[in-house]
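K.L.:
Handing you this structure, nothing more for now.
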Amino acid sequence: MTRTRRIAGLTTAVLSVVAANACHKTPPQQPAPVQAASPPGPNADSIRRAQDEAARRAAEDAARRRAADSAAAAARAAAAAGSVRATLSAAVHFDYDQSELRADDRALLDAKVPILQANASVKIRVAGHTDERGSDEYNLALGQRRAATVKRYLVDHGIADARIETISYGEERPVAQGSDETAYAQNRRAEFEITAGAQTLRAP
Amino acid sequence: MTRSHLVRWLAAASIIAAGVPAAVRAQDTTFRGIFLGGNYDPLRDKVGIVVLPVAGAFGDSIRTIIQRDFDFSDRFAVIPVDSADPSALRAQGAASGVNYPLFTRLAAKAVVQITPVGNGLHVALHDVARAQVVNVGDFALPAAGLSRDWRMAVHRTSDEIERWVTGQRGIAATRIAYMRGQSIRIIDSDGAEEVTVPTEENGGSPAWNSAGTMLVYTTYGVSSSNVGSHVVLIDLSTGRSRTLVPPGRNTLYLTPIFSPDGNSVVYSREGENGSDLFAVGVGAGDAPRQLTAGRGTVNTNPTMSPDGRRVAFVSGRLGRPELYIMDADGTNLNVLTDYDFSEKNYRSDPDWSPDGRLVAYQERINDRFQIRTIPVRGGTPKQLTSDGENEQPSWAPDARHLVLTSTRSGARQLWVLDTESSRFRQLTKSAGSRLSSWSPRLAQP
């Protein structure tokens with residue numbers, strides 16, 4: 001379609017809308033009748049249709065407002081839960097060949113404790129990982145030791161033993177590719193998977 | 001080296017060269033091993049051997065397999081002879097018999113003559129110097145030519161011929177179990193006949209029993225049906241698996257091995273209260289006995305002396321993974337590899353040699369693992385590798401060859417190393433192969 005034709009088309013559409021509005025503004029010709037459910041006369045049907053349409057639009061608007069309100073509420077809740085989830089899932093990291101917790105990582109675990117206490121149905125699995133250096137089998141053992149250290153810390157801070165599982169993936173599942181200390185440091189970690197109660201997660 | 005020394009060296013070299021038969025000298029003009037002290041002379045300590053062409057069905061295959069077995073033994077120099085004109089190989093004027101003067105000129109000490117008989121092979125071993133047959137034997141072969149069992153029977157023939165010549169049985173009739181991806185495989189010692197073992201899900205770290213009839217392995221992690229790590233025995237003749245150590249909550253089992261008598265299994269248990277070695281009888285209902293007190297550090301990778309009385313293993317108890325040695329009941333603990341605090345070494349994956357003298361292991365050197373051996377009774381470790389990264393050594397039953405995981409060709413593959421000549425050969429052709437275990441010599445099934 002050329003540009004002029006498109007403009008012509010738009011103009012026609014605008015004009016017909018204006019004409020329709022003009023019709024609605026025209027007062028009815030009959031003497032004021034007793035308003036009945038079905039007003040008689042040649043324009044009765046169009047009046048009823050207009051009233052129905054207005055009601056329908058109002059209902060639609062209300063529904064839209066309700067939906068928007070509840071979406072906003074859901075988003076607020078999700079953001080809160082997301083932050084709770086992010087805190088609960090935040091990985092802790094380890095020094096090379098070590099399974100002892102670092103001070104900053106103790107703070108990360110401390111932040112998980114109230115969440116676990118406020119969500120009694122939540123269960124987690126702690127997965128220990130290593131960097132790619134080291135023996136395959138020793139790394140599987142080291143990953144298990146890391147997961148066990150994390151679990152022991154949480155249990156010592158009042159979380160029920162039965163709520164925490166541990167597993168080791170050794171060096172099999174790196175999060176960072178590459179063979180440098182940056183990648184190694186990211187890969188020496190314990191990850192937290194929520195295995196039960198993730199849907200109803202709430203802030204403490 | 002001074003000039004006079006050099007002259008003396010050259011004189012010595014020419015005397016040696018004069019002693020080398022013409023046929024060999026013609027194709028070998030560099031006198032390998034004479035000028036460079038570090039070079040390995042392929043003929044030194046090796047017996048020159050000829051395998052005569054083999055007649056009959058699969059004759060060429062039999063000859064090829066046996067020649068390759070001799071080559072891979074690193075105890076023979078296989079001398080190729082042209083089979084286009086077999087009559088040249090026979091003694092003058094004799095219908096059968098061997099052309100000893102020809103083989104003397106080829107520097108052959110032994111000639112193997114193989115004749116197909118009813119259900120197998122008749123083998124005659126000729127001593128070239130004495131110009132006579134010194135050994136004969138008959139070897140049964142399964143009817144299915146070129147089958148996996150048939151090939152193993154041919155390997156057994158090679159090993160017996162090697163015993164006739166050198167006094168030591170060969171290692172051709174062996175297999176290597178290993179992991180590739182998430183499955184356990186077995187491959188023949190010559191790299192043929194790779195098969196997948198029907199293990200349970202996530203099976204890993206296979207090890208042989210001393211009869212070569214079973215493997216013990218563990219399952220890693222948690223299976224898709226939520227079954228935790230456990231220790232499994234598999235009977236290779238039936239393919240049937242049996243749980244030896246059942247899953248425990250939050251427990252990972254690693255690195256199981258059979259004791260040399262086959263009556264018990266030593267393994268590592270990574271639980272919530274530590275990582276320790278345990279021993280359990282393979283019979284039903286035996287209670288595991290704890291061998292180490294790791295106190296929160298890793299204790300894994302056990303290997304036993306051939307007499308079953310001692311265990312070497314890895315422990316992180318002093319910070320870095322280090323090799324330790326103790327009695328089989330967990331007493332008399334000592335460090336095997338000297339712990340050097342400043343070097344921050346990482347040593348792991350020990351394997352005790354079948355002759356009891358050495359433990360092979362991996363050590364991080366310049367940021368890469370390399371294979372070393374250390375004498376069990378004390379002495380200096382010897383480094384065997386330097387190219388790429390080399391890990392997870394496992395001894396062949398001859399206590400001379402090792403199978404190991406190496407990146408020397410790029411991806412991780414299994415390689416066989418002759419610890420005497422430093423010759424490497426690639427065993428697997430599929431990337432990602434690792435955690436190998438060399439079988440004992442495999443008897444007739």
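Lettering and numbering for the structure tokens are positional, with chains as A, B, ... in the shown order, residues counted from 1 in each chain, and ligands counted from 1 in the shown order.
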For stretch 181-185 of chain B, list every protein, DNA or RNA residue within 8 Å, evaluated using only C-alpha atoms, and leave out those in the same chain fewer than 6 positions away; present the list as a PDB file with C-alpha atoms, in the first residue's frame.
P.N.:
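Heads up, here's the output in around.pdb:
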```pdb
ATOM      1  CA  GLU B 194      36.010 -53.317  23.631  1.00  0.00           C
ATOM      2  CA  VAL B 195      32.803 -54.304  25.424  1.00  0.00           C
ATOM      3  CA  THR B 196      30.477 -52.446  27.807  1.00  0.00           C
ATOM      4  CA  VAL B 197      29.925 -54.096  31.175  1.00  0.00           C
ATOM      5  CA  PRO B 198      26.231 -54.311  32.152  1.00  0.00           C
ATOM      6  CA  THR B 199      26.575 -52.409  35.405  1.00  0.00           C
ATOM      7  CA  ASN B 202      26.406 -44.603  37.510  1.00  0.00           C
ATOM      8  CA  GLY B 203      28.811 -47.518  37.966  1.00  0.00           C
ATOM      9  CA  GLY B 204      32.463 -46.479  38.297  1.00  0.00           C
ATOM     10  CA  PRO B 206      36.150 -50.906  38.496  1.00  0.00           C
ATOM     11  CA  GLY B 432      37.385 -39.666  27.844  1.00  0.00           C
ATOM     12  CA  SER B 433      38.670 -43.084  28.909  1.00  0.00           C
TER      13      SER B 433
END
```
K.L.:
At a cut-off of 7 Å, which residues of chain A touch chain B? Count only C-alpha atoms and give the answer as a PyMOL selection string.
P.N.:
chain A and resi 135+138+141-142+144+148+165-168
K.L.:
Print the selection's residues with N, CA and C atoms to a file, as an mmCIF file, in the first residue's frame.
P.N.:
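Output file out_33.cif follows:
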```cif
data_model
loop_
_atom_site.group_PDB
_atom_site.id
_atom_site.type_symbol
_atom_site.label_atom_id
_atom_site.label_comp_id
_atom_site.auth_asym_id
_atom_site.auth_seq_id
_atom_site.Cartn_x
_atom_site.Cartn_y
_atom_site.Cartn_z
ATOM 1 N N SER A 135 42.831 -35.546 41.600
ATOM 2 C CA SER A 135 42.463 -36.881 41.150
ATOM 3 C C SER A 135 40.945 -36.993 41.051
ATOM 4 N N TYR A 138 39.634 -38.742 44.250
ATOM 5 C CA TYR A 138 39.862 -37.923 45.439
ATOM 6 C C TYR A 138 38.903 -36.731 45.421
ATOM 7 N N ALA A 141 35.538 -37.632 46.666
ATOM 8 C CA ALA A 141 35.563 -37.677 48.132
ATOM 9 C C ALA A 141 35.577 -36.267 48.712
ATOM 10 N N LEU A 142 36.372 -35.391 48.099
ATOM 11 C CA LEU A 142 36.480 -34.009 48.591
ATOM 12 C C LEU A 142 35.138 -33.283 48.466
ATOM 13 N N GLN A 144 32.224 -34.631 48.582
ATOM 14 C CA GLN A 144 31.360 -35.164 49.637
ATOM 15 C C GLN A 144 31.708 -34.543 50.993
ATOM 16 N N ALA A 148 29.309 -32.331 53.368
ATOM 17 C CA ALA A 148 29.110 -32.753 54.756
ATOM 18 C C ALA A 148 29.453 -31.621 55.728
ATOM 19 N N GLU A 165 20.056 -33.294 52.655
ATOM 20 C CA GLU A 165 20.764 -34.387 51.992
ATOM 21 C C GLU A 165 22.094 -33.861 51.471
ATOM 22 N N THR A 166 23.055 -34.757 51.303
ATOM 23 C CA THR A 166 24.326 -34.348 50.705
ATOM 24 C C THR A 166 24.652 -35.255 49.529
ATOM 25 N N ILE A 167 25.380 -34.692 48.566
ATOM 26 C CA ILE A 167 25.810 -35.470 47.403
ATOM 27 C C ILE A 167 27.094 -34.826 46.880
ATOM 28 N N SER A 168 27.895 -35.605 46.160
ATOM 29 C CA SER A 168 29.121 -35.060 45.564
ATOM 30 C C SER A 168 29.124 -35.290 44.072
#
```
K.L.:
Could you pull the residues within 10 Å of A:Val155, counting only C-alpha atoms, minus those fewer than 6 positions along the same chain, as a ChimeraX atom specification?
P.N.:
/A:113,149,161-164
K.L.:
Quick one: everything within 12 Å of A:Ala183, counting only C-alpha atoms, minus sequence neighbours fewer than 3 positions away in the same chain. Send it as an NGL selection string.
P.N.:
:A and (93 or 96 or 130-133 or 174-180 or 186-189)
K.L.:
Write out as a list of chain:residue names the residues lying within 8 Å of B:Val78, counting only C-alpha atoms and excluding same-chain residues fewer than 5 positions away.
P.N.:
B:Gly48, B:Ile49, B:Val50, B:Val51, B:Gln67, B:Phe70, B:Asp71
K.L.:
Once you have the residues from the selection above, write them out as a PDB file, in the first residue's frame, restricted to C-alpha atoms.
P.N.:
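result_33.pdb, written as the output of this step:
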```
ATOM      1  CA  GLY B  48      64.899 -61.361  17.921  1.00  0.00           C
ATOM      2  CA  ILE B  49      62.016 -63.600  16.907  1.00  0.00           C
ATOM      3  CA  VAL B  50      60.417 -64.690  13.652  1.00  0.00           C
ATOM      4  CA  VAL B  51      56.870 -65.982  13.373  1.00  0.00           C
ATOM      5  CA  GLN B  67      53.471 -60.926  16.299  1.00  0.00           C
ATOM      6  CA  PHE B  70      55.362 -60.237  21.027  1.00  0.00           C
ATOM      7  CA  ASP B  71      55.884 -56.617  20.041  1.00  0.00           C
TER       8      ASP B  71
END
```
K.L.:
Pick out the closest residue to B:Leu404 from this set: B:Trp352, B:Ala293, B:Asp60, B:Tyr178. Count only C-alpha atoms.
P.N.:
B:Tyr178
